[in-house]
file target_6.cif (mmCIF, C-alpha atoms)
data_input
#
loop_
_atom_site.label_atom_id
_atom_site.label_comp_id
_atom_site.auth_asym_id
_atom_site.auth_seq_id
_atom_site.Cartn_x
_atom_site.Cartn_y
_atom_site.Cartn_z
CA MET N 84 13.43 11.41 -3.89
CA ASN N 85 11.87 9.12 -6.52
CA LEU N 86 9.73 11.26 -8.85
CA ARG N 87 7.54 8.28 -9.73
CA SER N 88 6.46 7.98 -6.11
CA ILE N 89 5.28 11.60 -5.88
CA ASP N 90 1.60 12.46 -6.03
CA LEU N 91 1.62 15.61 -8.16
CA ASN N 92 -1.67 16.67 -6.59
CA LEU N 93 0.34 17.32 -3.45
CA LEU N 94 2.26 20.04 -5.29
CA VAL N 95 -1.02 21.76 -6.15
CA ALA N 96 -1.95 21.58 -2.48
CA LEU N 97 1.44 22.95 -1.46
CA ASP N 98 1.08 25.90 -3.84
CA ALA N 99 -2.33 26.70 -2.31
CA LEU N 100 -0.95 26.39 1.22
CA LEU N 101 1.99 28.67 0.51
CA THR N 102 -0.30 31.20 -1.14
CA GLU N 103 -3.06 31.24 1.48
CA ARG N 104 -1.00 30.27 4.56
CA HIS N 105 -4.23 28.89 5.99
CA VAL N 106 -5.37 25.27 5.73
CA THR N 107 -9.11 25.99 5.31
CA LYS N 108 -8.58 28.74 2.73
CA ALA N 109 -6.10 26.58 0.84
CA ALA N 110 -8.64 23.75 0.80
CA GLU N 111 -11.30 26.06 -0.63
CA ARG N 112 -8.84 27.32 -3.25
CA VAL N 113 -8.33 23.86 -4.76
CA GLY N 114 -11.70 22.31 -3.96
CA LEU N 115 -10.67 19.99 -1.13
CA SER N 116 -12.18 19.46 2.29
CA GLN N 117 -10.34 20.86 5.29
CA PRO N 118 -9.39 17.37 6.58
CA ALA N 119 -8.09 16.41 3.14
CA MET N 120 -5.88 19.51 3.03
CA SER N 121 -4.61 18.82 6.54
CA ASN N 122 -3.73 15.30 5.42
CA ALA N 123 -1.97 16.71 2.35
CA LEU N 124 0.08 19.03 4.56
CA SER N 125 1.14 16.08 6.73
CA ARG N 126 2.23 14.12 3.65
CA LEU N 127 4.10 17.15 2.29
CA ARG N 128 5.95 17.58 5.57
CA ALA N 129 7.02 13.95 5.41
CA MET N 130 8.00 14.22 1.74
CA PHE N 131 10.16 17.32 2.22
CA GLU N 132 11.25 16.43 5.75
CA ASP N 133 10.35 19.94 6.83
CA GLU N 134 7.45 21.58 8.70
CA LEU N 135 6.84 23.90 5.70
CA LEU N 136 4.23 25.95 7.60
CA VAL N 137 4.39 26.63 11.34
CA ARG N 138 1.76 28.21 13.56
CA THR N 139 2.57 31.57 15.15
CA THR N 140 0.56 34.16 17.07
CA THR N 141 -0.05 35.98 13.78
CA GLY N 142 -0.99 32.92 11.72
CA MET N 143 0.88 30.28 9.77
CA LYS N 144 4.34 31.24 8.53
CA PRO N 145 6.47 29.43 5.92
CA THR N 146 9.76 27.91 6.94
CA PRO N 147 12.93 28.90 5.03
CA ARG N 148 12.59 25.69 3.03
CA ALA N 149 8.99 26.52 2.11
CA SER N 150 9.95 30.05 1.03
CA GLU N 151 12.67 28.52 -1.12
CA LEU N 152 10.12 26.21 -2.77
CA ALA N 153 7.40 28.77 -3.51
CA GLU N 154 8.70 30.34 -6.70
CA PRO N 155 10.05 27.24 -8.51
CA LEU N 156 6.89 25.35 -7.52
CA ARG N 157 4.70 28.01 -9.14
CA GLN N 158 6.77 27.84 -12.32
CA VAL N 159 6.55 24.05 -12.44
CA LEU N 160 2.77 24.07 -12.08
CA ARG N 161 2.39 26.68 -14.81
CA GLN N 162 4.55 24.61 -17.14
CA VAL N 163 2.50 21.48 -16.40
CA GLU N 164 -0.64 23.46 -17.17
CA ARG N 165 0.87 24.52 -20.52
CA VAL N 166 1.69 20.89 -21.38
CA MET N 167 -1.81 19.69 -20.55
CA VAL N 168 -3.63 22.42 -22.48
CA SER N 169 -3.31 22.46 -26.26
CA ASP N 170 -2.75 26.02 -27.40
CA ALA N 171 -3.34 25.13 -31.05
CA GLY N 172 -6.92 24.18 -30.26
CA PHE N 173 -7.61 27.18 -28.03
CA ASP N 174 -11.28 28.20 -28.16
CA ALA N 175 -12.28 30.97 -25.75
CA SER N 176 -15.86 29.73 -25.68
CA GLN N 177 -14.85 26.17 -24.74
CA THR N 178 -11.43 26.17 -23.08
CA GLU N 179 -11.11 26.24 -19.31
CA ARG N 180 -8.22 28.60 -18.65
CA THR N 181 -7.06 31.12 -16.05
CA PHE N 182 -4.98 34.03 -17.33
CA THR N 183 -2.74 35.91 -14.91
CA ILE N 184 -2.42 39.61 -15.68
CA ARG N 185 -0.23 42.17 -13.98
CA MET N 186 -1.95 45.53 -13.55
CA SER N 187 -2.15 48.26 -10.94
CA ASP N 188 -5.37 49.32 -9.24
CA ILE N 189 -5.59 52.24 -11.68
CA LEU N 190 -5.53 49.89 -14.65
CA ALA N 191 -7.82 47.40 -12.93
CA CYS N 192 -10.35 50.18 -12.43
CA LEU N 193 -10.12 51.12 -16.10
CA LEU N 194 -9.93 47.71 -17.74
CA LEU N 195 -11.43 44.97 -15.58
CA PRO N 196 -15.12 45.96 -15.77
CA ARG N 197 -14.97 45.94 -19.58
CA LEU N 198 -12.69 42.92 -19.76
CA ALA N 199 -15.00 40.88 -17.55
CA ALA N 200 -18.07 42.03 -19.47
CA ALA N 201 -16.46 40.98 -22.78
CA ARG N 202 -16.01 37.33 -21.76
CA PRO N 203 -17.74 34.97 -24.21
CA ALA N 204 -21.13 33.66 -23.10
CA ASN N 205 -20.83 30.60 -20.84
CA SER N 206 -17.06 30.97 -21.01
CA ARG N 207 -14.79 29.08 -18.63
CA ILE N 208 -12.09 31.73 -19.04
CA SER N 209 -11.11 33.43 -15.79
CA TYR N 210 -8.69 36.21 -14.89
CA ASN N 211 -6.27 36.46 -12.00
CA THR N 212 -4.81 39.94 -11.53
CA ILE N 213 -1.77 40.82 -9.46
CA HIS N 214 0.08 44.07 -8.78
CA LEU N 215 3.87 43.92 -8.95
CA SER N 216 6.61 46.55 -8.95
CA PRO N 217 8.18 47.34 -12.36
CA SER N 218 11.27 45.18 -11.73
CA LEU N 219 9.23 42.26 -10.40
CA THR N 220 6.88 42.57 -13.37
CA VAL N 221 9.74 42.04 -15.82
CA ASP N 222 11.02 39.13 -13.73
CA ALA N 223 7.54 37.56 -13.67
CA LEU N 224 7.30 37.77 -17.47
CA GLU N 225 10.74 36.20 -17.83
CA ARG N 226 9.90 33.39 -15.38
CA ASP N 227 6.51 32.71 -17.00
CA GLU N 228 4.61 33.61 -13.84
CA ILE N 229 2.21 35.95 -15.64
CA ASP N 230 0.67 35.86 -19.11
CA ILE N 231 0.78 39.59 -19.84
CA ALA N 232 1.40 42.86 -18.06
CA VAL N 233 -0.22 46.25 -18.49
CA SER N 234 2.03 48.98 -17.17
CA MET N 235 4.21 51.85 -18.35
CA GLY N 236 7.89 52.54 -18.91
CA LEU N 237 9.22 49.07 -18.06
CA GLU N 238 12.91 48.55 -18.71
CA HIS N 239 13.25 45.11 -20.23
CA SER N 240 15.35 42.88 -22.45
CA ALA N 241 14.67 41.94 -26.08
CA SER N 242 12.82 38.83 -24.89
CA ILE N 243 9.89 41.02 -23.78
CA ARG N 244 7.54 42.44 -26.41
CA SER N 245 5.61 45.66 -25.93
CA GLU N 246 3.05 47.81 -27.69
CA THR N 247 1.17 51.00 -26.92
CA LEU N 248 -2.36 50.52 -25.64
CA LEU N 249 -3.58 53.88 -24.49
CA GLU N 250 -2.30 57.46 -24.35
CA ASP N 251 -2.97 59.33 -21.13
CA ARG N 252 -2.04 62.55 -19.35
CA MET N 253 -2.22 63.90 -15.83
CA VAL N 254 -5.13 66.11 -14.71
CA CYS N 255 -6.35 67.59 -11.45
CA LEU N 256 -9.53 66.46 -9.67
CA MET N 257 -11.40 68.41 -6.98
CA ARG N 258 -14.89 68.80 -5.55
CA ARG N 259 -17.36 70.55 -7.84
CA LEU N 260 -17.92 73.49 -5.47
CA HIS N 261 -14.24 74.00 -4.72
CA PRO N 262 -13.31 77.68 -3.99
CA ILE N 263 -11.08 77.65 -7.08
CA LYS N 264 -13.47 78.69 -9.83
CA ARG N 265 -14.02 76.40 -12.78
CA GLY N 266 -11.34 76.97 -15.39
CA ARG N 267 -9.32 79.21 -13.05
CA LEU N 268 -6.71 76.77 -11.75
CA THR N 269 -3.46 78.73 -12.06
CA PHE N 270 0.06 77.63 -11.31
CA ASP N 271 0.16 79.75 -8.15
CA SER N 272 -3.17 78.43 -6.86
CA PHE N 273 -2.14 74.86 -7.62
CA ILE N 274 1.10 75.22 -5.66
CA ALA N 275 -0.63 76.99 -2.76
CA GLN N 276 -3.47 74.48 -2.42
CA GLU N 277 -3.22 71.53 -0.02
CA GLN N 278 -3.25 68.22 -1.88
CA MET N 279 -3.57 64.49 -1.38
CA LYS N 280 -1.36 61.90 -3.00
CA VAL N 281 -1.40 58.15 -3.58
CA SER N 282 2.00 57.00 -2.35
CA MET N 283 2.26 54.01 -4.70
CA SER N 284 1.62 56.02 -7.88
CA PRO N 285 4.72 56.48 -10.09
CA THR N 286 2.78 58.80 -12.41
CA ASP N 287 2.56 61.53 -9.72
CA LEU N 288 6.31 61.51 -9.20
CA ARG N 289 7.40 61.39 -12.81
CA PHE N 290 4.83 63.65 -14.46
CA VAL N 291 4.07 66.11 -11.66
CA ASP N 292 6.54 66.23 -8.78
CA ASP N 293 9.65 65.90 -10.97
CA VAL N 294 8.33 68.57 -13.34
CA LEU N 295 7.64 70.95 -10.45
CA ALA N 296 11.04 70.24 -8.89
CA GLU N 297 12.72 71.33 -12.13
CA ARG N 298 10.96 74.68 -11.66
CA GLY N 299 11.97 74.91 -8.02
CA HIS N 300 8.52 74.09 -6.60
CA ARG N 301 6.78 71.26 -4.80
CA ARG N 302 3.22 70.42 -3.86
CA ARG N 303 1.77 70.85 -0.37
CA ILE N 304 0.92 67.21 0.34
CA THR N 305 -1.14 67.04 3.54
CA LEU N 306 -2.66 63.61 2.99
CA ASN N 307 -0.81 60.58 1.68
CA VAL N 308 -2.85 57.39 1.10
CA PRO N 309 -1.88 53.93 -0.20
CA HIS N 310 -4.81 53.30 -2.57
CA TRP N 311 -6.96 55.13 -5.12
CA LEU N 312 -10.32 53.91 -3.82
CA VAL N 313 -10.47 56.50 -1.03
CA VAL N 314 -9.49 59.49 -3.20
CA PRO N 315 -12.92 60.62 -4.51
CA HIS N 316 -14.51 60.26 -1.06
CA VAL N 317 -11.86 62.52 0.50
CA LEU N 318 -12.09 65.09 -2.28
CA LYS N 319 -15.85 65.43 -1.87
CA GLN N 320 -15.48 66.32 1.82
CA THR N 321 -12.45 68.64 1.61
CA ASP N 322 -10.79 71.34 -0.47
CA LEU N 323 -7.86 69.10 -1.29
CA LEU N 324 -6.68 68.58 -4.85
CA ALA N 325 -5.61 65.25 -6.34
CA VAL N 326 -3.58 64.68 -9.49
CA MET N 327 -4.21 61.52 -11.49
CA PRO N 328 -4.31 60.08 -15.03
CA ARG N 329 -7.15 61.54 -17.08
CA HIS N 330 -8.71 58.16 -17.88
CA LEU N 331 -8.91 57.30 -14.17
CA ALA N 332 -10.39 60.74 -13.39
CA ALA N 333 -13.06 60.11 -16.02
CA VAL N 334 -14.03 56.86 -14.28
CA LEU N 335 -14.14 58.47 -10.83
CA MET N 336 -16.07 61.54 -11.96
CA ASP N 337 -19.62 62.16 -10.77
CA ASP N 338 -21.82 65.20 -10.09
CA GLU N 339 -19.82 66.10 -6.97
CA LEU N 340 -16.41 66.26 -8.66
CA ARG N 341 -14.82 68.19 -11.48
CA MET N 342 -11.69 67.83 -13.58
CA GLU N 343 -9.22 70.59 -14.44
CA ASP N 344 -6.18 70.64 -16.70
CA LEU N 345 -2.84 71.04 -14.96
CA PRO N 346 -1.63 74.67 -15.05
CA PHE N 347 1.81 73.66 -16.31
CA GLU N 348 3.19 71.51 -19.10
CA SER N 349 3.30 67.81 -18.28
CA ALA N 350 4.16 65.31 -20.98
CA PRO N 351 1.56 62.72 -22.01
CA PHE N 352 2.44 59.08 -21.44
CA ASP N 353 1.43 55.66 -22.71
CA TRP N 354 0.00 52.64 -20.96
CA MET N 355 1.74 49.66 -22.52
CA LEU N 356 1.02 45.97 -23.06
CA TYR N 357 3.90 43.58 -22.35
CA TRP N 358 4.33 39.86 -23.02
CA HIS N 359 7.19 37.41 -23.46
CA ARG N 360 8.27 36.51 -26.98
CA ARG N 361 7.70 32.81 -26.16
CA TYR N 362 4.02 33.63 -26.68
CA ASP N 363 4.36 35.40 -30.04
CA GLN N 364 2.67 32.44 -31.75
CA SER N 365 0.37 31.46 -28.88
CA ASN N 366 -3.31 31.50 -29.84
CA ALA N 367 -4.39 31.85 -26.22
CA ASN N 368 -2.04 34.73 -25.44
CA ALA N 369 -2.92 36.42 -28.74
CA TRP N 370 -6.62 36.16 -27.82
CA LEU N 371 -5.95 37.79 -24.45
CA ARG N 372 -3.89 40.58 -26.01
CA GLU N 373 -6.68 41.29 -28.47
CA ARG N 374 -9.23 41.46 -25.62
CA ILE N 375 -7.04 44.04 -23.86
CA ARG N 376 -6.62 46.04 -27.08
CA THR N 377 -10.37 46.12 -27.65
CA VAL N 378 -11.05 47.29 -24.12
CA CYS N 379 -8.51 50.09 -24.49
CA THR N 380 -9.92 51.13 -27.88
CA ASN N 381 -13.27 51.69 -26.20
CA LEU N 382 -11.57 53.92 -23.62
CA SER N 383 -9.84 56.15 -26.18
#
call {"tool": "encode", "arguments": {"input": "target_6.cif", "output": "structure tokens"}}
result
Amino acid sequence: MNLRSIDLNLLVALDALLTERHVTKAAERVGLSQPAMSNALSRLRAMFEDELLVRTTTGMKPTPRASELAEPLRQVLRQVERVMVSDAGFDASQTERTFTIRMSDILACLLLPRLAAARPANSRISYNTIHLSPSLTVDALERDEIDIAVSMGLEHSASIRSETLLEDRMVCLMRRLHPIKRGRLTFDSFIAQEQMKVSMSPTDLRFVDDVLAERGHRRRITLNVPHWLVVPHVLKQTDLLAVMPRHLAAVLMDDELRMEDLPFESAPFDWMLYWHRRYDQSNANAWLRERIRTVCTNLS
């Protein structure tokens, strides 16, 4: 394949197609018409001599070749973007830039409202957030797929920098008129009470379930859910308990809920900021890190 004969705009289209797996949505993502994106897909199929995306009863699915292309293509496009944008002249009030940040829904709930509100007036800065597992987060930082990550306890090499953003601890949330009297949550009542749990939360396991297991106890989990959004609505209608980070509980709190300290010792923990050392001297990345720090300072 002769690189000089390749229309690099087709690679942008391919990235959108592999992300959306839908021609119309991919067209909207990059600002093309639906016919133009269909034409781009036809040209891509000819260029790679592969169908790339095939229609199935459940939507368009990538071929093995397309799946093989997805990750290196994303890296190439990010590197091209870096070449085209001068970091030395970065000005948050003038530069058009999309930052990709790894954070969980807990952290998104805590940080995104303030981060979005702190954007400079008339700014063309935008944020793209994704949620990855700890191991994939480290890989994404190494492969330059994300600008920064906000997480906790990541095991990483010396090429990844980290700093403490925010100290937190686990607390218990319940409805305001719960039969357990305010300030009377004992260890026995905590263990006896039915509880709900967010299955994807590592904080529950490490700072609650593991601690209880060391004492020969476990919680009575009668409701397991995949996301935090539903938690306060369930608590208000039931006598279930939910354990969560204190900062998240503070955001979810209203007149129908109340917060109680855990009736056993659970170590505090830190939410951390992570970035790759390649960006130690990057003005743009430094600006983003400072925005995150400021947001977290306001939460402390």
call {"tool": "atom_distance", "arguments": {"input": "target_6.cif", "atom1": "CA of Leu312 (chain N)", "atom2": "CA of Ala191 (chain N)"}}
result
11.5 Å
call {"tool": "closest_atom_pairs", "arguments": {"input": "target_6.cif", "of": "region 289-362 of chain N", "to": "region 252-255 of chain N", "cutoff": "7 Å", "atoms": "all atoms listed in the file", "output": "JSON lines"}}
result
{"residue": "N:Leu324", "atom": "CA", "partner": "N:Cys255", "partner_atom": "CA", "distance": 6.7}
{"residue": "N:Ala325", "atom": "CA", "partner": "N:Cys255", "partner_atom": "CA", "distance": 5.7}
{"residue": "N:Val326", "atom": "CA", "partner": "N:Cys255", "partner_atom": "CA", "distance": 4.5}
{"residue": "N:Met327", "atom": "CA", "partner": "N:Met253", "partner_atom": "CA", "distance": 5.3}
{"residue": "N:Pro328", "atom": "CA", "partner": "N:Met253", "partner_atom": "CA", "distance": 4.4}
{"residue": "N:Arg329", "atom": "CA", "partner": "N:Val254", "partner_atom": "CA", "distance": 5.5}
{"residue": "N:Met342", "atom": "CA", "partner": "N:Cys255", "partner_atom": "CA", "distance": 5.8}
{"residue": "N:Glu343", "atom": "CA", "partner": "N:Cys255", "partner_atom": "CA", "distance": 5.1}
{"residue": "N:Asp344", "atom": "CA", "partner": "N:Val254", "partner_atom": "CA", "distance": 5.1}
{"residue": "N:Leu345", "atom": "CA", "partner": "N:Val254", "partner_atom": "CA", "distance": 5.4}
{"residue": "N:Ala350", "atom": "CA", "partner": "N:Arg252", "partner_atom": "CA", "distance": 7.0}
{"residue": "N:Pro351", "atom": "CA", "partner": "N:Arg252", "partner_atom": "CA", "distance": 4.5}
{"residue": "N:Phe352", "atom": "CA", "partner": "N:Arg252", "partner_atom": "CA", "distance": 6.0}
call {"tool": "residues_around", "arguments": {"input": "target_6.cif", "residues": "region 103-115 of chain N", "least_positions_apart": "5", "cutoff": "7 Å", "atoms": "all atoms listed in the file", "output": "list in words"}}
result
Met120, Ser121, Met143 and Lys144 of chain N
call {"tool": "resolve_selection", "arguments": {"input": "target_6.cif", "expression": "the PyMOL selection byres ((chain N and resi 192) around 12)", "output": "PyMOL selection string"}}
result
chain N and resi 186-191+193-199+212+310-312+328+330-335+382
call {"tool": "closest_residue", "arguments": {"input": "target_6.cif", "among": "N:Glu164, N:Ile274, N:Phe182, N:Ser284", "to": "Pro309 (chain N)", "atoms": "all atoms listed in the file"}}
result
N:Ser284
call {"tool": "resolve_selection", "arguments": {"input": "target_6.cif", "expression": "the PyMOL selection byres ((chain N and resi 231) around 6)", "output": "list in words"}}
result
Ile184, Ile229, Asp230, Ala232, Tyr357 and Trp358 of chain N
call {"tool": "write_last_selection", "arguments": {"input": "target_6.cif", "atoms": "C-alpha atoms", "output": "tab-separated table (two decimals), keeping the file's coordinate frame"}}
result
chain	number	residue	atom	x	y	z
N	184	ILE	CA	-2.42	39.61	-15.68
N	229	ILE	CA	2.21	35.95	-15.64
N	230	ASP	CA	0.67	35.86	-19.11
N	232	ALA	CA	1.40	42.86	-18.06
N	357	TYR	CA	3.90	43.58	-22.35
N	358	TRP	CA	4.33	39.86	-23.02
call {"tool": "atom_distance", "arguments": {"input": "target_6.cif", "atom1": "CA of Arg157 (chain N)", "atom2": "CA of Ser218 (chain N)"}}
result
18.6 Å
call {"tool": "closest_residue", "arguments": {"input": "target_6.cif", "among": "N:Leu318, N:Ile263, N:Leu101, N:Leu295", "to": "Lys280 (chain N)", "atoms": "only C-alpha atoms"}}
result
N:Leu318
call {"tool": "closest_atom_pairs", "arguments": {"input": "target_6.cif", "of": "region 133-227 of chain N", "to": "region 122-126 of chain N", "cutoff": "9 Å", "atoms": "only C-alpha atoms", "output": "CSV"}}
result
residue,atom,partner,partner_atom,distance
N:Glu134,CA,N:Ser125,CA,8.6
N:Leu135,CA,N:Leu124,CA,8.4
N:Leu136,CA,N:Leu124,CA,8.6
call {"tool": "closest_residue", "arguments": {"input": "target_6.cif", "among": "N:Arg185, N:Arg259, N:Arg244, N:Arg148", "to": "Arg361 (chain N)", "atoms": "only C-alpha atoms"}}
result
N:Arg244
call {"tool": "build_atoms", "arguments": {"input": "target_6.cif", "residues": "region 134-144 of chain N", "atoms": "all heavy atoms", "output": "tab-separated table (two decimals), in the coordinates of the input"}}
result
chain	number	residue	atom	x	y	z
N	134	GLU	N	8.78	21.18	8.23
N	134	GLU	CA	7.45	21.58	8.70
N	134	GLU	C	6.69	22.40	7.66
N	134	GLU	O	5.47	22.46	7.66
N	134	GLU	CB	7.57	22.37	10.01
N	134	GLU	CG	7.84	21.53	11.23
N	134	GLU	CD	6.68	20.58	11.50
N	134	GLU	OE1	5.56	21.05	11.82
N	134	GLU	OE2	6.89	19.36	11.36
N	135	LEU	N	7.40	23.10	6.79
N	135	LEU	CA	6.84	23.90	5.70
N	135	LEU	C	6.04	25.10	6.21
N	135	LEU	O	6.31	26.25	5.83
N	135	LEU	CB	5.97	23.05	4.76
N	135	LEU	CG	6.71	21.91	4.07
N	135	LEU	CD1	5.76	21.08	3.22
N	135	LEU	CD2	7.85	22.45	3.21
N	136	LEU	N	5.02	24.87	7.01
N	136	LEU	CA	4.23	25.95	7.60
N	136	LEU	C	4.15	25.72	9.11
N	136	LEU	O	3.82	24.61	9.54
N	136	LEU	CB	2.83	26.01	7.00
N	136	LEU	CG	2.72	26.49	5.55
N	136	LEU	CD1	1.34	26.21	5.00
N	136	LEU	CD2	3.04	27.98	5.43
N	137	VAL	N	4.44	26.75	9.88
N	137	VAL	CA	4.39	26.63	11.34
N	137	VAL	C	3.42	27.67	11.89
N	137	VAL	O	3.30	28.78	11.35
N	137	VAL	CB	5.78	26.82	11.97
N	137	VAL	CG1	6.70	25.70	11.55
N	137	VAL	CG2	6.39	28.17	11.57
N	138	ARG	N	2.72	27.30	12.94
N	138	ARG	CA	1.76	28.21	13.56
N	138	ARG	C	2.49	29.23	14.43
N	138	ARG	O	3.38	28.90	15.20
N	138	ARG	CB	0.76	27.43	14.40
N	138	ARG	CG	-0.13	26.51	13.58
N	138	ARG	CD	-1.28	25.95	14.40
N	138	ARG	NE	-2.07	25.03	13.62
N	138	ARG	CZ	-3.02	25.41	12.76
N	138	ARG	NH1	-3.26	26.70	12.58
N	138	ARG	NH2	-3.72	24.52	12.07
N	139	THR	N	2.07	30.50	14.31
N	139	THR	CA	2.57	31.57	15.15
N	139	THR	C	1.39	32.35	15.68
N	139	THR	O	0.22	32.08	15.33
N	139	THR	CB	3.50	32.52	14.37
N	139	THR	OG1	2.71	33.29	13.43
N	139	THR	CG2	4.56	31.74	13.60
N	140	THR	N	1.65	33.34	16.52
N	140	THR	CA	0.56	34.16	17.07
N	140	THR	C	-0.12	35.00	16.00
N	140	THR	O	-1.23	35.49	16.21
N	140	THR	CB	1.11	35.09	18.17
N	140	THR	OG1	2.19	35.88	17.62
N	140	THR	CG2	1.62	34.28	19.35
N	141	THR	N	0.53	35.18	14.86
N	141	THR	CA	-0.05	35.98	13.78
N	141	THR	C	-0.48	35.13	12.60
N	141	THR	O	-0.72	35.65	11.52
N	141	THR	CB	0.95	37.05	13.31
N	141	THR	OG1	2.17	36.41	12.89
N	141	THR	CG2	1.26	38.04	14.43
N	142	GLY	N	-0.57	33.81	12.80
N	142	GLY	CA	-0.99	32.92	11.72
N	142	GLY	C	0.12	31.99	11.31
N	142	GLY	O	1.20	31.95	11.92
N	143	MET	N	-0.12	31.24	10.24
N	143	MET	CA	0.88	30.28	9.77
N	143	MET	C	1.95	30.97	8.94
N	143	MET	O	1.65	31.80	8.08
N	143	MET	CB	0.21	29.17	8.95
N	143	MET	CG	-0.83	28.37	9.72
N	143	MET	SD	-1.44	26.93	8.80
N	143	MET	CE	-0.09	25.77	9.07
N	144	LYS	N	3.20	30.64	9.22
N	144	LYS	CA	4.34	31.24	8.53
N	144	LYS	C	5.14	30.16	7.83
N	144	LYS	O	5.35	29.07	8.38
N	144	LYS	CB	5.24	31.99	9.51
N	144	LYS	CG	4.55	33.12	10.26
N	144	LYS	CD	4.11	34.23	9.33
N	144	LYS	CE	3.48	35.37	10.12
N	144	LYS	NZ	2.98	36.44	9.23
